[in-house]
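*Asks:* One file is attached below, upload07.tsv, containing TSV, C-alpha atoms.
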```tsv
chain	number	residue	atom	x	y	z
A	1382	MET	CA	125.16	65.56	81.64
A	1383	ALA	CA	124.43	69.26	81.83
A	1384	ARG	CA	122.50	70.37	84.85
A	1385	ILE	CA	119.79	73.00	84.46
A	1386	ILE	CA	120.01	75.84	86.96
A	1387	LYS	CA	116.96	78.10	87.26
A	1388	VAL	CA	117.29	81.78	87.95
A	1389	GLY	CA	114.09	83.35	89.34
A	1390	MET	CA	112.87	86.94	89.22
A	1391	ALA	CA	115.38	89.27	90.90
A	1392	GLU	CA	117.83	86.42	91.42
A	1393	MET	CA	121.31	85.65	90.07
A	1394	ASN	CA	123.40	82.53	89.80
A	1395	VAL	CA	126.74	81.24	88.51
A	1396	ALA	CA	127.48	77.91	86.79
A	1397	ALA	CA	130.40	76.11	85.17
A	1398	SER	CA	130.53	74.06	81.95
A	1399	PRO	CA	128.52	72.11	80.84
A	1400	ASN	CA	125.66	73.41	83.00
A	1401	ILE	CA	122.85	75.59	81.67
A	1402	LEU	CA	121.41	78.69	83.29
A	1403	ILE	CA	117.70	79.33	82.56
A	1404	THR	CA	115.28	82.11	83.32
A	1405	SER	CA	111.64	81.79	82.20
A	1406	GLY	CA	108.99	84.29	81.25
A	1407	LEU	CA	110.95	87.51	80.87
A	1408	GLY	CA	108.61	90.42	80.14
A	1409	SER	CA	109.98	93.88	80.86
A	1410	CYS	CA	112.71	92.21	82.93
A	1411	ILE	CA	116.10	91.41	81.40
A	1412	GLY	CA	118.24	88.30	81.70
A	1413	VAL	CA	121.88	89.44	81.74
A	1414	CYS	CA	124.50	86.76	81.01
A	1415	LEU	CA	128.23	87.16	81.65
A	1416	TYR	CA	130.76	84.62	80.43
A	1417	ASP	CA	134.43	83.81	80.85
A	1418	PRO	CA	135.13	81.80	77.67
A	1419	VAL	CA	138.46	80.43	78.95
A	1420	ALA	CA	137.33	79.17	82.36
A	1421	LYS	CA	133.88	78.38	80.84
A	1422	ILE	CA	132.10	79.95	83.77
A	1423	GLY	CA	128.81	81.76	83.18
A	1424	GLY	CA	126.59	83.96	85.31
A	1425	MET	CA	123.01	85.10	84.87
A	1426	ALA	CA	121.00	87.84	86.61
A	1427	HIS	CA	117.24	88.45	86.18
A	1428	ILE	CA	116.92	92.19	86.69
A	1429	MET	CA	113.56	93.93	87.13
A	1430	LEU	CA	114.36	97.65	87.36
A	1431	PRO	CA	116.99	99.97	85.87
A	1432	SER	CA	118.39	101.64	88.96
A	1433	SER	CA	118.67	100.96	92.67
A	1434	GLU	CA	118.28	104.74	93.15
A	1435	ILE	CA	114.51	104.53	92.52
A	1436	GLY	CA	114.02	101.58	94.84
A	1437	GLY	CA	112.94	101.85	98.42
A	1438	THR	CA	115.19	98.95	99.40
A	1439	LYS	CA	118.66	98.05	98.20
A	1440	ASP	CA	118.76	94.68	99.93
A	1441	ASN	CA	118.78	92.70	96.70
A	1442	PRO	CA	121.42	93.74	94.15
A	1443	ALA	CA	120.10	91.27	91.52
A	1444	LYS	CA	116.87	93.27	91.21
A	1445	TYR	CA	118.48	96.36	89.62
A	1446	ALA	CA	120.61	96.67	86.47
A	1447	ASP	CA	123.17	99.02	88.01
A	1448	THR	CA	123.85	96.81	91.04
A	1449	ALA	CA	123.38	93.37	89.42
A	1450	VAL	CA	126.32	93.70	87.01
A	1451	PRO	CA	129.01	94.38	89.65
A	1452	ALA	CA	127.44	91.86	92.06
A	1453	LEU	CA	127.42	89.14	89.39
A	1454	MET	CA	131.05	89.93	88.45
A	1455	GLU	CA	132.07	89.55	92.10
A	1456	LEU	CA	130.21	86.25	92.42
A	1457	MET	CA	131.82	84.91	89.23
A	1458	GLU	CA	135.30	85.95	90.34
A	1459	LYS	CA	134.79	84.01	93.60
A	1460	GLN	CA	133.97	80.93	91.54
A	1461	GLY	CA	137.15	81.20	89.47
A	1462	ALA	CA	136.26	83.46	86.54
A	1463	ASN	CA	138.68	86.15	85.40
A	1464	ILE	CA	136.64	89.34	85.24
A	1465	ARG	CA	138.94	90.86	82.61
A	1466	ARG	CA	137.87	88.13	80.19
A	1467	LEU	CA	134.12	88.58	80.70
A	1468	VAL	CA	131.80	89.13	77.75
A	1469	ALA	CA	128.06	89.75	77.87
A	1470	LYS	CA	124.79	88.81	76.18
A	1471	TYR	CA	121.33	89.87	77.29
A	1472	ALA	CA	117.66	89.57	76.33
A	1473	GLY	CA	114.24	90.77	77.50
A	1474	GLY	CA	112.99	94.31	78.05
A	1475	ALA	CA	109.66	93.89	76.24
A	1476	GLN	CA	106.60	96.09	76.63
A	1477	MET	CA	103.78	93.56	77.09
A	1478	PHE	CA	100.89	96.04	77.29
A	1479	SER	CA	100.36	99.20	75.29
A	1480	PHE	CA	98.11	101.98	76.45
A	1481	THR	CA	96.74	104.70	74.23
A	1482	ASN	CA	97.68	107.38	76.75
A	1483	GLY	CA	101.31	106.14	76.70
A	1484	SER	CA	101.54	105.52	80.44
A	1485	SER	CA	105.24	105.94	81.13
A	1486	PHE	CA	105.96	103.23	83.70
A	1487	LEU	CA	105.07	100.52	81.19
A	1488	LYS	CA	108.08	101.61	79.12
A	1489	ILE	CA	110.22	100.13	81.88
A	1490	GLY	CA	111.51	97.41	79.48
A	1491	GLU	CA	113.18	100.01	77.30
A	1492	ARG	CA	114.69	101.75	80.33
A	1493	ASN	CA	115.94	98.40	81.64
A	1494	ALA	CA	117.70	97.71	78.31
A	1495	GLU	CA	119.43	101.11	78.40
A	1496	ALA	CA	120.46	100.61	82.03
A	1497	VAL	CA	121.94	97.14	81.36
A	1498	LYS	CA	123.97	98.50	78.43
A	1499	GLU	CA	125.23	101.38	80.57
A	1500	ALA	CA	126.14	99.13	83.50
A	1501	LEU	CA	128.08	96.76	81.21
A	1502	GLU	CA	129.93	99.63	79.52
A	1503	LYS	CA	130.76	101.13	82.91
A	1504	ALA	CA	132.22	97.76	84.00
A	1505	GLY	CA	134.23	97.55	80.75
A	1506	ILE	CA	132.48	94.35	79.63
A	1507	LYS	CA	132.16	93.77	75.88
A	1508	ILE	CA	128.57	93.18	74.68
A	1509	LEU	CA	128.54	90.36	72.12
A	1510	ALA	CA	124.79	90.26	71.44
A	1511	SER	CA	121.42	91.37	72.73
A	1512	ASP	CA	117.75	90.83	71.91
A	1513	THR	CA	115.47	93.38	73.56
A	1514	GLY	CA	112.17	95.19	73.01
A	1515	GLY	CA	109.04	94.01	71.23
A	1516	SER	CA	105.80	93.06	72.93
A	1517	PHE	CA	106.41	89.37	73.61
A	1518	GLY	CA	107.77	87.28	76.47
A	1519	ARG	CA	111.07	85.43	76.33
A	1520	THR	CA	112.64	82.41	78.05
A	1521	ILE	CA	116.42	82.25	77.85
A	1522	GLU	CA	118.87	79.37	78.23
A	1523	PHE	CA	122.57	80.12	78.55
A	1524	SER	CA	125.05	77.32	77.89
A	1525	THR	CA	128.24	77.65	79.92
A	1526	GLU	CA	129.82	75.07	77.63
A	1527	THR	CA	129.45	77.10	74.42
A	1528	GLY	CA	128.58	80.60	75.61
A	1529	LEU	CA	125.51	80.49	73.35
A	1530	LEU	CA	122.25	82.06	74.48
A	1531	LEU	CA	119.00	80.46	73.27
A	1532	VAL	CA	116.05	82.85	73.25
A	1533	ARG	CA	112.62	81.14	73.09
A	1534	THR	CA	109.26	82.84	72.62
A	1535	LEU	CA	105.68	81.58	72.24
A	1536	THR	CA	104.80	83.88	69.34
A	1537	GLN	CA	108.07	84.82	67.57
A	1538	GLY	CA	109.93	81.52	67.30
A	1539	GLU	CA	113.41	81.14	68.75
A	1540	LYS	CA	116.91	82.39	68.05
A	1541	ILE	CA	120.45	81.76	69.21
A	1542	LEU	CA	122.68	84.65	70.20
B	554	MET	CA	109.47	94.19	103.17
B	555	GLY	CA	106.83	91.49	103.36
B	556	HIS	CA	103.49	92.35	104.88
B	557	GLU	CA	101.28	89.81	106.62
B	558	LEU	CA	97.57	90.52	106.38
B	559	SER	CA	95.73	89.94	109.61
B	560	SER	CA	92.72	87.64	109.33
B	561	ARG	CA	90.49	90.68	109.79
B	562	GLU	CA	92.19	92.54	106.94
B	563	ARG	CA	91.88	89.47	104.74
B	564	ASP	CA	88.19	89.13	105.65
B	565	ALA	CA	87.64	92.79	104.85
B	566	LEU	CA	89.31	92.45	101.43
B	567	LYS	CA	87.27	89.33	100.76
B	568	GLU	CA	84.07	91.10	101.77
B	569	ILE	CA	84.92	93.95	99.40
B	570	ALA	CA	85.61	91.44	96.63
B	571	ASN	CA	82.26	89.71	97.27
B	572	ILE	CA	80.29	92.95	97.20
B	573	GLY	CA	82.20	94.03	94.10
B	574	SER	CA	81.77	90.71	92.31
B	575	GLY	CA	78.03	90.69	93.06
B	576	ASN	CA	77.69	94.13	91.46
B	577	ALA	CA	79.95	93.09	88.58
B	578	ALA	CA	77.88	89.98	87.92
B	579	SER	CA	74.67	92.05	87.64
B	580	ALA	CA	76.37	94.52	85.30
B	581	LEU	CA	77.84	91.75	83.13
B	582	ALA	CA	74.52	89.87	82.98
B	583	ALA	CA	72.76	93.06	81.86
B	584	MET	CA	75.46	93.80	79.29
B	585	THR	CA	75.57	90.31	77.78
B	586	ASP	CA	71.93	89.35	78.34
B	587	THR	CA	73.02	86.00	79.81
B	588	LYS	CA	73.07	84.59	83.31
B	589	ILE	CA	76.49	85.09	84.88
B	590	ASP	CA	77.53	84.74	88.47
B	591	ILE	CA	80.91	85.64	89.94
B	592	THR	CA	82.35	84.32	93.19
B	593	VAL	CA	85.61	84.93	95.01
B	594	PRO	CA	86.48	81.74	96.91
B	595	SER	CA	89.84	82.95	98.23
B	596	VAL	CA	91.96	86.02	98.88
B	597	LYS	CA	95.69	85.47	99.36
B	598	ILE	CA	98.85	87.50	99.75
B	599	ILE	CA	101.61	85.92	97.69
B	600	PRO	CA	105.30	86.83	97.29
B	601	PHE	CA	105.71	87.89	93.66
B	602	ALA	CA	108.41	85.32	92.95
B	603	GLN	CA	105.90	82.49	93.59
B	604	VAL	CA	103.13	83.83	91.37
B	605	PRO	CA	104.23	82.27	88.03
B	606	GLU	CA	104.31	78.79	89.65
B	607	ILE	CA	100.83	79.28	91.12
B	608	LEU	CA	99.57	80.22	87.66
B	609	GLY	CA	100.87	76.93	86.25
B	610	GLY	CA	104.46	77.86	85.31
B	611	ALA	CA	106.07	80.95	83.80
B	612	GLU	CA	105.68	79.80	80.19
B	613	ILE	CA	101.96	78.90	80.16
B	614	LEU	CA	100.18	80.70	77.31
B	615	SER	CA	97.79	83.06	79.05
B	616	VAL	CA	95.63	86.11	78.56
B	617	GLY	CA	96.31	89.10	80.81
B	618	ILE	CA	94.15	92.20	81.04
B	619	TYR	CA	95.75	95.08	82.89
B	620	THR	CA	94.34	98.33	84.24
B	621	GLN	CA	96.47	101.07	85.75
B	622	VAL	CA	94.76	103.05	88.50
B	623	GLN	CA	95.97	106.63	88.86
B	624	VAL	CA	95.57	109.68	91.04
B	625	ASP	CA	94.79	109.20	94.72
B	626	ALA	CA	95.93	105.66	95.36
B	627	PRO	CA	98.00	104.26	92.48
B	628	CYS	CA	97.72	100.53	91.92
B	629	GLY	CA	97.51	97.98	89.14
B	630	LEU	CA	94.71	95.51	88.47
B	631	LEU	CA	95.53	92.37	86.52
B	632	PHE	CA	93.20	89.59	85.40
B	633	VAL	CA	94.95	86.43	84.22
B	634	PHE	CA	93.39	83.39	82.55
B	635	PRO	CA	95.11	80.46	80.89
B	636	LEU	CA	94.25	80.79	77.17
B	637	SER	CA	91.83	77.82	77.27
B	638	SER	CA	89.94	79.41	80.19
B	639	ALA	CA	89.80	82.78	78.41
B	640	LEU	CA	88.22	81.04	75.39
B	641	HIS	CA	85.59	79.47	77.68
B	642	LEU	CA	84.93	82.83	79.29
B	643	VAL	CA	84.32	84.36	75.86
B	644	ASP	CA	81.80	81.56	75.17
B	645	ILE	CA	79.96	82.54	78.38
B	646	LEU	CA	80.13	86.27	77.69
B	647	LEU	CA	78.95	86.04	74.10
B	648	GLY	CA	76.34	83.33	74.79
B	649	ARG	CA	78.10	80.84	72.53
B	650	PRO	CA	77.81	77.06	73.03
B	651	PRO	CA	80.78	75.76	75.12
B	652	GLY	CA	83.86	75.15	72.96
B	653	THR	CA	82.84	77.51	70.15
B	654	THR	CA	85.53	80.16	70.60
B	655	LYS	CA	88.90	79.02	69.23
B	656	GLU	CA	90.83	82.27	68.95
B	657	ILE	CA	91.03	85.69	70.54
B	658	GLU	CA	90.38	88.16	67.74
B	659	SER	CA	89.14	91.72	68.02
B	660	LEU	CA	85.56	90.91	69.12
B	661	GLU	CA	86.79	88.40	71.73
B	662	SER	CA	89.48	90.80	72.89
B	663	SER	CA	86.89	93.59	73.32
B	664	ALA	CA	84.62	91.27	75.32
B	665	LEU	CA	87.46	90.37	77.69
B	666	ILE	CA	88.62	93.97	78.06
B	667	GLU	CA	85.06	95.11	78.78
B	668	THR	CA	84.69	92.35	81.36
B	669	ALA	CA	87.90	93.41	83.10
B	670	ASN	CA	86.64	96.98	82.99
B	671	VAL	CA	83.29	96.08	84.57
B	672	VAL	CA	84.63	93.66	87.18
B	673	GLY	CA	87.67	95.80	88.05
B	674	GLY	CA	85.44	98.87	88.22
B	675	ALA	CA	83.00	97.10	90.55
B	676	TYR	CA	85.84	96.03	92.88
B	677	LEU	CA	87.18	99.57	92.94
B	678	ASN	CA	83.72	100.99	93.66
B	679	ALA	CA	83.25	98.61	96.57
B	680	LEU	CA	86.72	99.47	97.86
B	681	SER	CA	86.08	103.18	97.38
B	682	ARG	CA	82.78	103.09	99.27
B	683	LEU	CA	84.50	101.52	102.27
B	684	THR	CA	87.70	103.55	102.28
B	685	ASN	CA	86.61	106.91	100.79
B	686	ILE	CA	89.65	106.67	98.51
B	687	THR	CA	89.08	107.78	94.90
B	688	PHE	CA	90.33	105.37	92.24
B	689	VAL	CA	90.61	106.47	88.60
B	690	PRO	CA	91.20	103.43	86.36
B	691	SER	CA	92.64	103.56	82.82
B	692	VAL	CA	91.03	101.68	79.95
B	693	PRO	CA	92.41	98.13	80.27
B	694	ALA	CA	94.94	96.68	77.82
B	695	LEU	CA	95.19	93.02	76.81
B	696	ALA	CA	98.20	90.76	76.14
B	697	ILE	CA	98.42	87.09	75.17
B	698	ASP	CA	101.76	85.52	76.02
B	699	MET	CA	103.80	83.70	78.67
B	700	VAL	CA	102.15	84.24	82.05
B	701	GLY	CA	105.51	85.00	83.69
B	702	ALA	CA	106.21	87.76	81.17
B	703	ILE	CA	102.72	89.23	81.60
B	704	PHE	CA	102.92	89.17	85.36
B	705	ASN	CA	106.45	90.46	85.85
B	706	SER	CA	105.87	93.38	83.46
B	707	VAL	CA	102.97	94.78	85.45
B	708	PHE	CA	104.35	93.79	88.81
B	709	VAL	CA	107.51	95.85	88.34
B	710	PRO	CA	106.04	99.27	89.27
B	711	ALA	CA	104.68	97.76	92.48
B	712	SER	CA	107.86	95.88	93.34
B	713	VAL	CA	109.67	99.08	94.24
B	714	PHE	CA	107.40	99.35	97.26
B	715	PHE	CA	106.09	95.92	98.08
B	716	ASP	CA	107.23	92.35	97.43
B	717	ASP	CA	103.79	90.72	97.55
B	718	ALA	CA	100.69	90.62	95.39
B	719	ILE	CA	97.09	90.39	96.61
B	720	MET	CA	95.46	87.56	94.67
B	721	LEU	CA	91.71	87.02	94.42
B	722	GLU	CA	90.69	83.73	92.92
B	723	THR	CA	87.69	84.64	90.76
B	724	VAL	CA	85.16	82.16	89.37
B	725	PHE	CA	82.80	83.10	86.54
B	726	LEU	CA	79.71	80.85	86.41
B	727	GLY	CA	77.72	80.70	83.21
B	728	GLU	CA	74.58	78.64	82.66
B	729	ASP	CA	76.44	75.45	81.81
B	730	GLN	CA	80.13	76.14	82.36
B	731	GLN	CA	82.45	77.82	84.79
B	732	VAL	CA	85.81	79.52	84.39
B	733	THR	CA	88.40	80.26	87.05
B	734	GLY	CA	90.73	83.20	86.67
B	735	HIS	CA	93.03	85.11	88.95
B	736	PHE	CA	92.68	88.75	89.77
B	737	PHE	CA	95.60	90.65	91.23
B	738	LEU	CA	95.59	93.90	93.10
B	739	LEU	CA	99.09	95.36	92.89
B	740	PRO	CA	99.37	98.32	95.26
B	741	GLN	CA	101.94	100.98	94.36
B	742	ALA	CA	103.36	103.74	96.56
B	743	ASN	CA	101.57	103.69	99.93
B	744	THR	CA	98.22	102.48	98.56
B	745	LEU	CA	98.02	99.22	100.53
B	746	GLN	CA	98.77	101.02	103.78
B	747	ARG	CA	96.06	103.57	102.99
B	748	ILE	CA	93.53	100.86	102.17
B	749	LEU	CA	94.30	98.90	105.33
B	750	GLU	CA	94.17	102.01	107.53
B	751	ALA	CA	90.81	102.96	106.04
B	752	ILE	CA	89.50	99.42	106.64
B	753	GLU	CA	90.66	99.68	110.23
B	754	VAL	CA	88.59	102.84	110.70
B	755	ASN	CA	85.51	101.83	108.68
B	756	LYS	CA	84.92	98.16	109.32
B	757	PRO	CA	82.72	96.57	106.63
```
Would you write out, as structure tokens, the structure that this file holds?
*Replies:*
Amino acid sequence: MARIIKVGMAEMNVAASPNILITSGLGSCIGVCLYDPVAKIGGMAHIMLPSSEIGGTKDNPAKYADTAVPALMELMEKQGANIRRLVAKYAGGAQMFSFTNGSSFLKIGERNAEAVKEALEKAGIKILASDTGGSFGRTIEFSTETGLLLVRTLTQGEKIL
Amino acid sequence: MGHELSSRERDALKEIANIGSGNAASALAAMTDTKIDITVPSVKIIPFAQVPEILGGAEILSVGIYTQVQVDAPCGLLFVFPLSSALHLVDILLGRPPGTTKEIESLESSALIETANVVGGAYLNALSRLTNITFVPSVPALAIDMVGAIFNSVFVPASVFFDDAIMLETVFLGEDQQVTGHFFLLPQANTLQRILEAIEVNKP
């Protein structure tokens, strides 16, 4: 029986097959999933902001795209994953509200998506799939048994990455 | 980086909310030509990670109306209602019999945005009078989706500075129905500190 492991805002977690990692209600945040397909170990981070440089505190690496990727890799390696085999999928980065004056901070979803891509490329991790942008929330479920990422929405149906 | 409000600070914020909601109720009643009362039974400081659970779970279909406040003391104002409550609120605002409104279309959306504008504006005026801080709110924007997605999107700019949200439970009372929503004040930069310092100096 697969166990369901929840990952909250600005949190990360690692699980082994057949367990499922879930994060609910992603808006501008992004759920980043890393996977070692041989060891069948998966990790998920729920990042909120692109860069730890803009933050006042750096106490929580899972909160920022640039620090979450290396921190998640380290955590997965400790649990037996081979970081050279890691592949990535991610989803989120929506813009829930639109303002006529184009207020810039609400474009944070787009900046998060760019920062996740950059952080993964910097770490040399291959990106298999992503689903970002739009103006709708997402809940994601990552199966460590199959490496498939289910993306659910309330308004746009669901898809499997 | 958590911040505990003292009971006096909480009382002051509640007092501001009560003055603001009284003014907002008069303005709304005049605008809609119906009897509307607004009360604020509680003011709480809540770590952001717990907010989706308090609102019934991250995936609950909800209506969020967000206003960004610029210039002197940047902050965000967010009203959140479960969809069913938002539909009831529209009934009250538009003087419809309870249960009439089934969907949020452009008229309903305008009514909710205008309400957020009036109520948010009244809170800011009350806060401004006490603190002498100038608040310049944007026109609010509306989203209907998962409450977790709505909340975390607008919370993000505040989370750089502060890991808590100030939540005012807000009850709208019509003639024959009542609707409970949640109103969040999300201070950005050093806004909360400025508000609390001003409250310290100018007790309500």
*Asks:* Set the distance at 9 Å and use only C-alpha atoms: which residues neighbour Lys567 of chain B once local chain neighbours fewer than 2 positions away are removed? I'd like the list as an mmCIF file with C-alpha atoms, in the coordinates of the input.
*Replies:*
```cif
data_model
loop_
_atom_site.group_PDB
_atom_site.id
_atom_site.type_symbol
_atom_site.label_atom_id
_atom_site.label_comp_id
_atom_site.auth_asym_id
_atom_site.auth_seq_id
_atom_site.Cartn_x
_atom_site.Cartn_y
_atom_site.Cartn_z
ATOM 1 C CA GLU B 562 92.190 92.540 106.940
ATOM 2 C CA ARG B 563 91.880 89.470 104.740
ATOM 3 C CA ASP B 564 88.190 89.130 105.650
ATOM 4 C CA ALA B 565 87.640 92.790 104.850
ATOM 5 C CA ILE B 569 84.920 93.950 99.400
ATOM 6 C CA ALA B 570 85.610 91.440 96.630
ATOM 7 C CA ASN B 571 82.260 89.710 97.270
ATOM 8 C CA ILE B 572 80.290 92.950 97.200
ATOM 9 C CA VAL B 593 85.610 84.930 95.010
ATOM 10 C CA PRO B 594 86.480 81.740 96.910
ATOM 11 C CA SER B 595 89.840 82.950 98.230
ATOM 12 C CA VAL B 596 91.960 86.020 98.880
ATOM 13 C CA LEU B 721 91.710 87.020 94.420
#
```
*Asks:* Please report as a tab-separated table every residue of chain B lying within 12 Å of chain A, along with the nearest atom pair and their distance in Å (one decimal), using only C-alpha atoms.
*Replies:*
```
residue	atom	partner	partner_atom	distance
B:Met554	CA	A:Thr1438	CA	8.3
B:Gly555	CA	A:Thr1438	CA	11.9
B:Pro600	CA	A:Met1390	CA	11.1
B:Phe601	CA	A:Met1390	CA	8.5
B:Ala602	CA	A:Met1390	CA	6.0
B:Gln603	CA	A:Gly1389	CA	9.3
B:Val604	CA	A:Met1390	CA	10.4
B:Pro605	CA	A:Gly1406	CA	8.5
B:Glu606	CA	A:Gly1389	CA	10.8
B:Gly610	CA	A:Ser1405	CA	8.8
B:Ala611	CA	A:Gly1406	CA	5.1
B:Glu612	CA	A:Gly1406	CA	5.7
B:Ile613	CA	A:Gly1406	CA	8.9
B:Leu614	CA	A:Leu1535	CA	7.5
B:Ser615	CA	A:Leu1535	CA	10.5
B:Val616	CA	A:Met1477	CA	11.1
B:Gly617	CA	A:Phe1478	CA	9.0
B:Ile618	CA	A:Phe1478	CA	8.6
B:Tyr619	CA	A:Phe1478	CA	7.7
B:Thr620	CA	A:Phe1480	CA	9.4
B:Gln621	CA	A:Ser1484	CA	8.6
B:Val622	CA	A:Ser1484	CA	10.8
B:Gln623	CA	A:Ser1484	CA	10.2
B:Pro627	CA	A:Phe1486	CA	11.9
B:Cys628	CA	A:Phe1486	CA	11.9
B:Gly629	CA	A:Leu1487	CA	11.3
B:Leu631	CA	A:Phe1478	CA	11.3
B:Ser691	CA	A:Phe1480	CA	8.5
B:Val692	CA	A:Phe1480	CA	7.9
B:Pro693	CA	A:Phe1480	CA	7.9
B:Ala694	CA	A:Phe1478	CA	6.0
B:Leu695	CA	A:Phe1478	CA	6.5
B:Ala696	CA	A:Phe1478	CA	6.0
B:Ile697	CA	A:Phe1517	CA	8.5
B:Asp698	CA	A:Gly1518	CA	6.3
B:Met699	CA	A:Gly1518	CA	5.8
B:Val700	CA	A:Gly1406	CA	6.9
B:Gly701	CA	A:Gly1406	CA	4.3
B:Ala702	CA	A:Gly1408	CA	3.7
B:Ile703	CA	A:Gly1408	CA	6.2
B:Phe704	CA	A:Gly1408	CA	7.8
B:Asn705	CA	A:Gly1408	CA	6.1
B:Ser706	CA	A:Ser1409	CA	4.9
B:Val707	CA	A:Leu1487	CA	7.5
B:Phe708	CA	A:Met1429	CA	9.4
B:Val709	CA	A:Met1429	CA	6.5
B:Pro710	CA	A:Phe1486	CA	6.8
B:Ala711	CA	A:Gly1436	CA	10.4
B:Ser712	CA	A:Gly1436	CA	8.5
B:Val713	CA	A:Gly1436	CA	5.1
B:Phe714	CA	A:Gly1437	CA	6.2
B:Phe715	CA	A:Gly1437	CA	9.1
B:Asp716	CA	A:Thr1438	CA	10.5
B:Gln741	CA	A:Phe1486	CA	11.6
B:Ala742	CA	A:Gly1437	CA	9.9
B:Asn743	CA	A:Gly1437	CA	11.6
```
*Asks:* Using all atoms listed in the file, can you tell me which of A:Val1413, A:Val1388, A:Ile1403, A:Ala1383 comes closest to Phe1523 of chain A?
*Replies:*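 Of A:Val1413, A:Val1388, A:Ile1403, A:Ala1383, the one nearest Phe1523 of chain A, counting all atoms listed in the file, is A:Ile1403.
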*Asks:* Give me, please, the distance in Å between atom CA of Val732 of chain B and atom CA of Arg561 of chain B, quoted to one decimal.
*Replies:*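 Going from atom CA of Val732 of chain B over to atom CA of Arg561 of chain B covers 28.1 Å.
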*Asks:* For Leu1509 of chain A, which residue among A:Cys1414, A:Arg1465, A:Gly1423, A:Asn1493 is the nearest when counting only C-alpha atoms?
*Replies:* A:Cys1414
*Asks:* Which residue, B:Gly648, B:Gly674, B:Gly575, B:Gly609, has the smallest gap to Val724 of chain B when you use only C-alpha atoms?
*Replies:*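 Nearest candidate to Val724 of chain B out of B:Gly648, B:Gly674, B:Gly575, B:Gly609: B:Gly575.
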*Asks:* What does the distance between atom CA of Ala1443 of chain A and atom CA of Ile1464 of chain A come to in Å, to one decimal place?
*Replies:* 17.8 Å
*Asks:* Please work out which residues fall within 12 Å of (121.4, 99.2, 75.2), coordinates as given in the file, with only C-alpha atoms counting, and return them as a PDB file with C-alpha atoms, in the coordinates of the input.
*Replies:*
```pdb
ATOM      1  CA  ILE A1411     116.100  91.410  81.400  1.00  0.00           C
ATOM      2  CA  VAL A1413     121.880  89.440  81.740  1.00  0.00           C
ATOM      3  CA  PRO A1431     116.990  99.970  85.870  1.00  0.00           C
ATOM      4  CA  ALA A1446     120.610  96.670  86.470  1.00  0.00           C
ATOM      5  CA  ALA A1469     128.060  89.750  77.870  1.00  0.00           C
ATOM      6  CA  LYS A1470     124.790  88.810  76.180  1.00  0.00           C
ATOM      7  CA  TYR A1471     121.330  89.870  77.290  1.00  0.00           C
ATOM      8  CA  ALA A1472     117.660  89.570  76.330  1.00  0.00           C
ATOM      9  CA  GLY A1473     114.240  90.770  77.500  1.00  0.00           C
ATOM     10  CA  GLY A1474     112.990  94.310  78.050  1.00  0.00           C
ATOM     11  CA  GLY A1490     111.510  97.410  79.480  1.00  0.00           C
ATOM     12  CA  GLU A1491     113.180 100.010  77.300  1.00  0.00           C
ATOM     13  CA  ARG A1492     114.690 101.750  80.330  1.00  0.00           C
ATOM     14  CA  ASN A1493     115.940  98.400  81.640  1.00  0.00           C
ATOM     15  CA  ALA A1494     117.700  97.710  78.310  1.00  0.00           C
ATOM     16  CA  GLU A1495     119.430 101.110  78.400  1.00  0.00           C
ATOM     17  CA  ALA A1496     120.460 100.610  82.030  1.00  0.00           C
ATOM     18  CA  VAL A1497     121.940  97.140  81.360  1.00  0.00           C
ATOM     19  CA  LYS A1498     123.970  98.500  78.430  1.00  0.00           C
ATOM     20  CA  GLU A1499     125.230 101.380  80.570  1.00  0.00           C
ATOM     21  CA  ALA A1500     126.140  99.130  83.500  1.00  0.00           C
ATOM     22  CA  LEU A1501     128.080  96.760  81.210  1.00  0.00           C
ATOM     23  CA  GLU A1502     129.930  99.630  79.520  1.00  0.00           C
ATOM     24  CA  ILE A1508     128.570  93.180  74.680  1.00  0.00           C
ATOM     25  CA  LEU A1509     128.540  90.360  72.120  1.00  0.00           C
ATOM     26  CA  ALA A1510     124.790  90.260  71.440  1.00  0.00           C
ATOM     27  CA  SER A1511     121.420  91.370  72.730  1.00  0.00           C
ATOM     28  CA  ASP A1512     117.750  90.830  71.910  1.00  0.00           C
ATOM     29  CA  THR A1513     115.470  93.380  73.560  1.00  0.00           C
ATOM     30  CA  GLY A1514     112.170  95.190  73.010  1.00  0.00           C
TER      31      GLY A1514
END
```
*Asks:* Rounded to one decimal place, report the atom CA of Ala578 of chain B-atom CA of Phe632 of chain B distance in Å.
*Replies:*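 Computing it gives 15.5 Å between the two atoms.
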*Asks:* At most 10 Å from (87.5, 104.8, 98.5), file frame, all atoms listed in the file: which residues, as a list in words?
*Replies:*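 Every residue inside that radius is included here: Asp625, Ala626, Leu677, Asn678, Ala679, Leu680, Ser681, Arg682, Leu683, Thr684, Asn685, Ile686, Thr687, Phe688, Arg747, Ile748, Ala751 and Ile752 of chain B.
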*Asks:* Compare B:Val671, B:Val633, B:Ile591, B:Ala580 by their minimum atom-to-atom distance to Gln731 of chain B, counting only C-alpha atoms, and give me the closest one.
*Replies:*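 Of the candidates, the smallest distance to Gln731 of chain B is held by B:Ile591.
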*Asks:* Taking all atoms listed in the file into account, which of A:Ile1521, A:Ile1506, A:Met1393, A:Glu1455 comes nearest Arg1533 of chain A?
*Replies:*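 The closest residue to Arg1533 of chain A is A:Ile1521.
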*Asks:* Mind checking which residues fall within 10 Å of Ala639 of chain B, counting only C-alpha atoms, ignoring those fewer than 4 positions away in the same chain, and posting them as a ChimeraX atom specification?
*Replies:* /B:615-617,633-635,643-645,654-657,661-662,665,732-734
*Asks:* Point out the residue among A:Asn1441, A:Lys1387, A:Met1454, A:Met1425 with the least atom-to-atom distance to Gly1505 of chain A, counting all atoms listed in the file.
*Replies:* A:Met1454
